[in-house]
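Peer 1: Contents of work.cif (mmCIF, C-alpha atoms):
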data_data
loop_
_atom_site.label_atom_id
_atom_site.label_comp_id
_atom_site.auth_asym_id
_atom_site.auth_seq_id
_atom_site.Cartn_x
_atom_site.Cartn_y
_atom_site.Cartn_z
CA MET O 463 -4.13 2.99 14.69
CA LEU O 464 -3.60 5.34 11.78
CA SER O 465 -6.60 7.30 10.67
CA PRO O 466 -6.19 7.72 6.90
CA GLY O 467 -7.94 11.08 6.65
CA HIS O 468 -6.09 12.52 9.62
CA ALA O 469 -2.72 11.03 8.67
CA VAL O 470 -2.39 12.40 5.17
CA GLY O 471 -5.08 15.00 4.60
CA SER O 472 -7.43 14.32 1.70
CA CYS O 473 -5.48 11.30 0.49
CA SER O 474 -7.48 8.34 1.74
CA GLU O 475 -8.99 6.76 -1.38
CA ILE O 476 -7.16 3.44 -0.97
CA VAL O 477 -6.54 1.89 2.44
CA LEU O 478 -4.93 -1.39 3.48
CA SER O 479 -6.75 -2.82 6.51
CA CYS O 480 -4.38 -5.38 7.96
CA GLU O 481 -4.55 -8.27 10.41
CA ASN O 482 -2.18 -6.45 12.76
CA GLY O 483 -5.04 -4.02 13.49
CA ARG O 484 -3.51 -1.15 11.53
CA GLU O 485 -4.63 0.72 8.45
CA TYR O 486 -2.15 1.94 5.86
CA PRO O 487 -3.28 4.64 3.37
CA ILE O 488 -2.00 4.51 -0.19
CA CYS O 489 -1.81 7.90 -1.89
CA PRO O 490 -1.71 7.79 -5.71
CA ILE O 491 0.96 9.76 -7.53
CA ALA O 492 0.44 8.48 -11.10
CA VAL O 493 -2.44 6.50 -12.61
CA SER O 494 -2.40 4.95 -16.10
CA ALA O 495 -4.97 5.78 -18.79
CA ALA O 496 -6.57 2.38 -17.98
CA GLY O 497 -7.03 3.47 -14.35
CA GLU O 498 -4.21 1.36 -12.85
CA LEU O 499 -2.18 2.80 -10.01
CA VAL O 500 1.41 3.14 -11.28
CA THR O 501 3.20 4.98 -8.45
CA ALA O 502 2.08 5.94 -4.95
CA ARG O 503 3.08 6.78 -1.40
CA LEU O 504 2.38 4.04 1.15
CA TYR O 505 2.01 5.49 4.64
CA THR O 506 3.26 3.19 7.39
CA ALA O 507 3.24 5.86 10.10
CA ARG O 508 1.53 9.22 10.54
CA HIS O 509 4.18 11.25 8.68
CA SER O 510 6.25 8.45 7.15
CA ALA O 511 5.61 7.35 3.58
CA THR O 512 7.49 5.05 1.24
CA TYR O 513 7.43 5.63 -2.50
CA VAL O 514 6.17 2.46 -4.22
CA ARG O 515 5.99 1.57 -7.89
CA LEU O 516 4.00 -1.06 -9.77
CA VAL O 517 6.11 -4.04 -10.83
CA PRO O 518 4.56 -5.89 -13.80
CA MET O 519 3.53 -9.46 -12.96
CA GLY O 520 1.56 -12.14 -14.76
CA VAL O 521 -1.26 -12.49 -12.24
CA GLY O 522 -1.98 -10.06 -9.44
CA TYR O 523 0.11 -7.06 -8.59
CA ARG O 524 3.25 -5.99 -6.74
CA TYR O 525 4.08 -2.52 -5.52
CA ALA O 526 7.67 -2.26 -4.36
CA GLY O 527 9.60 0.40 -2.51
CA LYS O 528 12.71 0.63 -0.36
CA GLY O 529 12.48 -2.21 2.19
CA ILE O 530 8.74 -2.78 1.66
CA TRP O 531 6.51 -4.41 -0.94
CA LEU O 532 2.86 -5.28 -1.38
CA ASP O 533 1.79 -8.43 -3.25
CA GLY O 534 -1.84 -9.01 -4.02
CA HIS O 535 -4.68 -10.14 -6.17
CA ARG O 536 -7.84 -8.03 -6.28
CA GLY O 537 -8.83 -7.08 -2.71
CA ASN O 538 -6.40 -9.38 -0.88
CA ALA O 539 -2.80 -8.42 -0.28
CA LEU O 540 0.29 -9.30 1.71
CA LEU O 541 2.29 -6.34 3.01
CA ASN O 542 5.96 -7.29 3.42
CA PHE O 543 8.22 -5.31 5.74
CA GLY O 544 11.49 -6.88 4.57
CA LYS O 545 12.23 -10.60 4.23
CA ASN O 546 11.08 -11.74 7.66
CA HIS O 547 7.89 -9.82 8.46
CA ALA O 548 4.62 -9.82 6.51
CA VAL O 549 1.00 -9.12 7.35
CA ALA O 550 -2.18 -10.04 5.48
CA CYS O 551 -4.38 -7.12 4.43
CA SER O 552 -7.54 -6.31 2.57
CA VAL O 553 -7.67 -3.41 0.14
CA SER O 554 -10.60 -1.04 0.44
CA LEU O 555 -11.57 1.86 -1.78
CA SER O 556 -13.53 4.81 -0.44
#
Hey, can you dump this file as structure tokens for me?
Peer 2:
Amino acid sequence: MLSPGHAVGSCSEIVLSCENGREYPICPIAVSAAGELVTARLYTARHSATYVRLVPMGVGYRYAGKGIWLDGHRGNALLNFGKNHAVACSVSLS
């Protein structure tokens, strides 16, 4: 299991705790004036991050990157690893 603090240094404010038993840190790059995360790095392995960007949606949120996307509403999310593999997650803030 990835340890957010160990995996990416001080970047462990937002963590996805998923049903597959893993934790995936999200490291903010840009935050809007309203406090919304706009771009970030989503760590799927100790030294492997994917750049993700907020995609505007009517209800909920989507952060999309190359081959991966995260759909959610408030603290519940679905992390998609391509078309055929997804895992349910909860979003926690430290």
Peer 1: Name the residues captured by the PyMOL selection byres ((chain O and resi 516-525) around 9) when it is applied to the shown file; answer as a PyMOL selection string.
Peer 2: chain O and resi 499-502+514-515+526-527+530-536+539
Peer 1: May I ask for the distance between CA of Ala496 (chain O) and CA of Ala511 (chain O), given in Å to one decimal place?
Peer 2: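 Computing the Euclidean distance for CA of Ala496 (chain O) and CA of Ala511 (chain O) yields 25.3 Å.
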Peer 1: How far is it from CA of Glu475 (chain O) to CA of Leu541 (chain O), in Å with one decimal?
Peer 2: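 Computing the Euclidean distance for CA of Glu475 (chain O) and CA of Leu541 (chain O) yields 17.8 Å.
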Peer 1: Would you work out the distance separating CA of Glu485 (chain O) from CA of Thr512 (chain O), expressed in Å to one decimal?
Peer 2: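 These atoms are spaced 14.8 Å apart.
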Peer 1: Would you please work out which residue, of O:Val549, O:Gly544, O:Leu555, O:Gly537, is nearest to Gly483 (chain O) when using only C-alpha atoms?
Peer 2: O:Val549
Peer 1: Is there a way to get, as a list in words, all residues within 7 Å of the point (-5.2, 0.9, 2.1) in file coordinates, counting all atoms listed in the file?
Peer 2: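 Residues lying no farther than 7 Å from the given point: Ile476, Val477, Leu478, Ser479, Glu485, Tyr486, Pro487, Ile488, Val553 and Ser554 of chain O.
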